[in-house]
Amino acid sequence: MFKHLFIGLLLSCCFNVCFAQLPTASVLIDKGNKYAQSYTLDIQLECENAVKMMVSNYKNFTGAHWTAFEPRVHWELFHEDGEQFVYAKFLDKDNNEIGPVSDNILVDATAPANASVSIDMPNKVSNKKSHIVDLKINAEGAKYMMVSNNGAFYGLKWQFYEDELLDWELEKGGDGEYTVYAKFRDVAGNVSETVKDKIIFDTQKPFNCSVEINNGEKFTYRQDGKVDLSIFANEVDSMIISNDKEFKDAAWQPYATSTEWFFENGDATKSVYIKFKDMANNESGIFTDNIILDTTPPQDCEFYIDAGAGITTDINKKVHLRFGAEGASHMLISNFPDFRSARWQVYRNEIHGWKLEGEEDGSKVVYVKFKDDAGNVSTIFRDDIELKRGF
């Protein structure tokens with residue numbers, strides 16, 4: 001029993017002596033920080049009585065060489081993100097090798113990627129009076145974020161990353177453009193670039209609105225009912241046009257300053273209705289213009305020379321013309337079927353002293369056609385008379 005106790009005490013003493021003689025050695029990366037944002041860092045080395053050292057990023061010290069011991073070294077890690085190790089071993093003056101020892105650090109030199117902040121509003125235009133919006137947020141690798149209504153982020157603190165912020169209140173004010181800014185940070189401290197998004201608040205309706213048919217003409221006589229619309233409005237994005245003031249079956253279309261338009265068949269006063277909308281969906285009132293569609297030429301037309309007499313003996317070849325044409329405003333009269341040199345004149349029921357053509361007696365013809373205010377022209381009417389002057 002005493003023999004076993006003696007052997008145990010002897011081994012314990014030897015172990016304690018040997019342990020006490022082992023020198024302390026260590027390597028510390030970047031003062032022991034958990035994360036690093038650079039691939040080049042300071043490392044601290046400790047080893048009692050060391051005169052040489054070997055440092056490597058490889059556990060097997062591939063390519064490393066013994067160098068004079070230094071307690072601090074500016075060291076280059078692998079140029080890649082992730083967990084990295086630094087290994088070190090030492091030699092004392094008696095060429096006793098101590099180590100290896102190691103330390104590790106998480107390297108993250110990449111800022112959060114694909115950063116964005118987006119105001120969740122179609123077309124980035126709103127007609128709301130309150131400047132409250134929802135924000136959609138994205139930043140790969142972000143742990144924290146900072147969101148602000150100004151690019152200086154004055155007085156703000158980092159908050160935990162979220163992929164959306166509801167009911168974000170922009171700066172107070174009236175209509176105009178507003179901006180929201182954001183930047184992001186990962187656990188290593190890398191900060192992204194500042195990103196931003198803009199929105200326009202517009203509560204005003206389109207103004208200076210008008211529509212005009214055929215440049216303000218009173219009539220149109222086109223059989224197909226086609227007219228040209230001249231359109232104008234300020235601060236406008238789209239318009240809706242209809243022949244019906246309730247805009248039944250009409251659809252919004254992009255704003256244009258002119259367009260062709262068609263009225264349904266049937267002579268009458270025709271109206272076109274239009275209203276405008278801006279990008280914020282503010283709608284104008286209704287604007288209208290009208291025109292008279294008249295596709296029917298003068299009706300019940302009649303024409304007589306000397307009240308239908310068959311002969312005239314007037315020495316000066318002058319006759320009396322009598323007309324009838326319902327709806328006529330003008331008439332064109334000529335002694336020639338092609339109306340050469342004739343000019344439209346205001347319609348009247350009779351003309352005294354019309355001079356017949358030609359120097360010789362014989363059958364003489366006068367031609368006439370009628371036109372209304374819309375420009376509809378009748379067919380050609382004619383009458384003839386025998387000229388007999390007796391010489």
# chains A, B, ... in the order shown; residues from 1 in each chain; ligands from 1
>>> residues_around(residues="Asp314 of chain A", least_positions_apart="3", cutoff="9 Å", atoms="only C-alpha atoms", output="ChimeraX atom specification")
/A:317-319,387-389
>>> closest_residue(among="A:Met121, A:Ile333, A:Val365, A:Met146", to="Gln159 of chain A", atoms="only C-alpha atoms")
A:Met146
>>> select_by_dssp(residues="segment 29-266 of chain A", states="helix (DSSP H, G or I)", output="count of residues only")
9
>>> residues_around(residues="Asp134 of chain A", least_positions_apart="2", cutoff="12 Å", atoms="only C-alpha atoms", output="ChimeraX atom specification")
/A:117-122,124,131-132,136-137,163-170,180,197,199
>>> write_last_selection(atoms="C-alpha atoms", output="mmCIF file, in the first residue's frame")
data_model
loop_
_atom_site.group_PDB
_atom_site.id
_atom_site.type_symbol
_atom_site.label_atom_id
_atom_site.label_comp_id
_atom_site.auth_asym_id
_atom_site.auth_seq_id
_atom_site.Cartn_x
_atom_site.Cartn_y
_atom_site.Cartn_z
ATOM 1 C CA VAL A 117 -36.393 50.840 -50.442
ATOM 2 C CA SER A 118 -39.619 51.166 -52.400
ATOM 3 C CA ILE A 119 -42.698 53.229 -51.678
ATOM 4 C CA ASP A 120 -45.608 50.850 -52.207
ATOM 5 C CA MET A 121 -47.729 53.082 -54.429
ATOM 6 C CA PRO A 122 -48.663 52.565 -58.118
ATOM 7 C CA LYS A 124 -45.332 56.595 -57.301
ATOM 8 C CA HIS A 131 -48.404 61.621 -46.438
ATOM 9 C CA ILE A 132 -48.502 58.098 -45.019
ATOM 10 C CA LYS A 136 -41.005 47.613 -49.125
ATOM 11 C CA ILE A 137 -37.407 46.959 -48.066
ATOM 12 C CA ASP A 163 -38.622 43.752 -45.051
ATOM 13 C CA GLU A 164 -41.501 46.220 -44.779
ATOM 14 C CA LEU A 165 -42.546 49.232 -42.781
ATOM 15 C CA LEU A 166 -46.253 50.005 -42.696
ATOM 16 C CA ASP A 167 -47.731 53.470 -42.253
ATOM 17 C CA TRP A 168 -44.459 55.322 -42.703
ATOM 18 C CA GLU A 169 -45.052 59.067 -42.369
ATOM 19 C CA LEU A 170 -43.179 61.265 -44.801
ATOM 20 C CA VAL A 180 -37.444 58.337 -48.341
ATOM 21 C CA ASP A 197 -37.318 56.209 -53.542
ATOM 22 C CA ILE A 199 -43.268 59.810 -54.563
#
>>> residues_around(residues="Cys301 of chain A", least_positions_apart="5", cutoff="12 Å", atoms="only C-alpha atoms", output="PyMOL selection string")
chain A and resi 322-328+331+349+368-371+377-382
>>> residues_around(residues="segment 40-48 of chain A", least_positions_apart="3", cutoff="6 Å", atoms="only C-alpha atoms", output="list of chain:residue names")
A:Pro23, A:Thr24, A:Ala25, A:Ser26, A:Val27, A:Leu28, A:Ile29, A:Asp30, A:Pro71, A:Arg72, A:Val73, A:His74, A:Trp75, A:Glu76
>>> write_last_selection(atoms="N, CA and C atoms", output="PDB file, in the first residue's frame")
ATOM      1  N   PRO A  23       6.051  26.650 -21.709  1.00  0.00           N
ATOM      2  CA  PRO A  23       5.857  28.097 -21.904  1.00  0.00           C
ATOM      3  C   PRO A  23       4.465  28.372 -22.464  1.00  0.00           C
ATOM      4  N   THR A  24       3.942  29.552 -22.142  1.00  0.00           N
ATOM      5  CA  THR A  24       2.652  29.952 -22.676  1.00  0.00           C
ATOM      6  C   THR A  24       2.835  30.530 -24.068  1.00  0.00           C
ATOM      7  N   ALA A  25       1.894  30.212 -24.958  1.00  0.00           N
ATOM      8  CA  ALA A  25       1.950  30.711 -26.342  1.00  0.00           C
ATOM      9  C   ALA A  25       0.529  30.980 -26.820  1.00  0.00           C
ATOM     10  N   SER A  26       0.386  32.022 -27.626  1.00  0.00           N
ATOM     11  CA  SER A  26      -0.949  32.332 -28.149  1.00  0.00           C
ATOM     12  C   SER A  26      -0.834  33.220 -29.385  1.00  0.00           C
ATOM     13  N   VAL A  27      -1.891  33.198 -30.183  1.00  0.00           N
ATOM     14  CA  VAL A  27      -2.041  34.120 -31.319  1.00  0.00           C
ATOM     15  C   VAL A  27      -3.453  34.717 -31.212  1.00  0.00           C
ATOM     16  N   LEU A  28      -3.548  36.034 -31.384  1.00  0.00           N
ATOM     17  CA  LEU A  28      -4.826  36.730 -31.243  1.00  0.00           C
ATOM     18  C   LEU A  28      -5.058  37.607 -32.476  1.00  0.00           C
ATOM     19  N   ILE A  29      -6.164  37.377 -33.172  1.00  0.00           N
ATOM     20  CA  ILE A  29      -6.480  38.118 -34.401  1.00  0.00           C
ATOM     21  C   ILE A  29      -7.336  39.341 -34.064  1.00  0.00           C
ATOM     22  N   ASP A  30      -6.886  40.495 -34.522  1.00  0.00           N
ATOM     23  CA  ASP A  30      -7.661  41.741 -34.428  1.00  0.00           C
ATOM     24  C   ASP A  30      -8.210  41.962 -33.020  1.00  0.00           C
ATOM     25  N   PRO A  71       6.079  40.483 -31.614  1.00  0.00           N
ATOM     26  CA  PRO A  71       4.828  40.374 -30.855  1.00  0.00           C
ATOM     27  C   PRO A  71       3.589  40.876 -31.623  1.00  0.00           C
ATOM     28  N   ARG A  72       3.794  41.663 -32.695  1.00  0.00           N
ATOM     29  CA  ARG A  72       2.661  42.188 -33.457  1.00  0.00           C
ATOM     30  C   ARG A  72       3.029  42.155 -34.941  1.00  0.00           C
ATOM     31  N   VAL A  73       2.103  41.667 -35.738  1.00  0.00           N
ATOM     32  CA  VAL A  73       2.350  41.518 -37.179  1.00  0.00           C
ATOM     33  C   VAL A  73       1.106  42.001 -37.940  1.00  0.00           C
ATOM     34  N   HIS A  74       1.327  42.741 -39.022  1.00  0.00           N
ATOM     35  CA  HIS A  74       0.240  43.109 -39.945  1.00  0.00           C
ATOM     36  C   HIS A  74       0.067  41.935 -40.901  1.00  0.00           C
ATOM     37  N   TRP A  75      -1.073  41.262 -40.819  1.00  0.00           N
ATOM     38  CA  TRP A  75      -1.204  39.953 -41.471  1.00  0.00           C
ATOM     39  C   TRP A  75      -2.298  39.972 -42.547  1.00  0.00           C
ATOM     40  N   GLU A  76      -2.029  39.231 -43.650  1.00  0.00           N
ATOM     41  CA  GLU A  76      -2.964  39.148 -44.774  1.00  0.00           C
ATOM     42  C   GLU A  76      -3.693  37.806 -44.721  1.00  0.00           C
TER      43      GLU A  76
END
>>> closest_atom_pairs(of="segment 95-128 of chain A", to="segment 273-296 of chain A", cutoff="10 Å", atoms="only C-alpha atoms", output="Markdown table")
| residue | atom | partner | partner_atom | distance |
| --- | --- | --- | --- | --- |
| A:Pro122 | CA | A:Ala280 | CA | 9.1 |
| A:Asn123 | CA | A:Met279 | CA | 7.4 |
| A:Lys124 | CA | A:Ala280 | CA | 8.7 |
| A:Val125 | CA | A:Ala280 | CA | 5.2 |
| A:Ser126 | CA | A:Ala280 | CA | 5.0 |
| A:Asn127 | CA | A:Ala280 | CA | 5.1 |
| A:Lys128 | CA | A:Ala280 | CA | 8.7 |
>>> write_last_selection(atoms="N, CA and C atoms", output="compact mmCIF listing (two decimals), in the first residue's frame")
# COMPACT_ATOMS: atom_id res chain seq x y z
N PRO A 122 -48.72 52.64 -56.65
CA PRO A 122 -48.66 52.56 -58.12
C PRO A 122 -48.25 53.89 -58.73
N ASN A 123 -47.35 53.83 -59.69
CA ASN A 123 -46.87 55.00 -60.42
C ASN A 123 -46.16 56.01 -59.54
N LYS A 124 -46.00 55.69 -58.24
CA LYS A 124 -45.33 56.60 -57.30
C LYS A 124 -46.00 57.97 -57.29
N VAL A 125 -47.32 57.96 -57.40
CA VAL A 125 -48.10 59.19 -57.34
C VAL A 125 -49.32 58.95 -56.46
N SER A 126 -49.65 59.91 -55.60
CA SER A 126 -50.79 59.75 -54.70
C SER A 126 -51.58 61.05 -54.65
N ASN A 127 -52.91 60.92 -54.53
CA ASN A 127 -53.75 62.10 -54.35
C ASN A 127 -54.25 62.22 -52.91
N LYS A 128 -53.63 61.49 -52.00
CA LYS A 128 -54.02 61.56 -50.60
C LYS A 128 -53.45 62.83 -49.95
>>> residues_around(residues="segment 34-36 of chain A", least_positions_apart="5", cutoff="9 Å", atoms="only C-alpha atoms", output="NGL selection string")
:A and (41 or 104-109 or 187-189)
>>> select_by_dssp(residues="segment 18-259 of chain A", states="strand (DSSP E)", output="PyMOL selection string")
chain A and resi 25-29+35-36+40-47+50-56+67-68+72-76+82-92+97-107+113-119+125-126+132-140+144-148+159-160+164-169+176-185+195-201+207-213+219-220+226-234+238-242+253-254+258-259
>>> closest_residue(among="A:Ala88, A:Asn33, A:Ile200, A:Gly99", to="Asn57 of chain A", atoms="only C-alpha atoms")
A:Ala88
>>> residues_around(residues="Asn114 of chain A", least_positions_apart="4", cutoff="9 Å", atoms="only C-alpha atoms", output="list in words")
Asn138, Ala139 and Glu140 of chain A
>>> write_last_selection(atoms="N, CA, C and O atoms", output="tab-separated table (two decimals), in the first residue's frame")
chain	number	residue	atom	x	y	z
A	138	ASN	N	-35.48	45.81	-48.96
A	138	ASN	CA	-34.68	44.63	-49.29
A	138	ASN	C	-33.20	44.95	-49.14
A	138	ASN	O	-32.75	46.03	-49.56
A	139	ALA	N	-32.46	44.03	-48.53
A	139	ALA	CA	-31.00	44.14	-48.45
A	139	ALA	C	-30.47	42.79	-48.02
A	139	ALA	O	-30.66	42.37	-46.88
A	140	GLU	N	-29.81	42.12	-48.94
A	140	GLU	CA	-29.29	40.78	-48.65
A	140	GLU	C	-28.14	40.87	-47.65
A	140	GLU	O	-27.19	41.62	-47.85
>>> atom_distance(atom1="atom CA of Lys364 of chain A", atom2="atom CA of Asp384 of chain A")
5.4 Å
>>> closest_residue(among="A:Phe207, A:Trp66, A:Phe336, A:Phe303", to="Asn95 of chain A", atoms="only C-alpha atoms")
A:Trp66
>>> atom_distance(atom1="atom CA of Tyr367 of chain A", atom2="atom CA of Asp338 of chain A")
9.0 Å
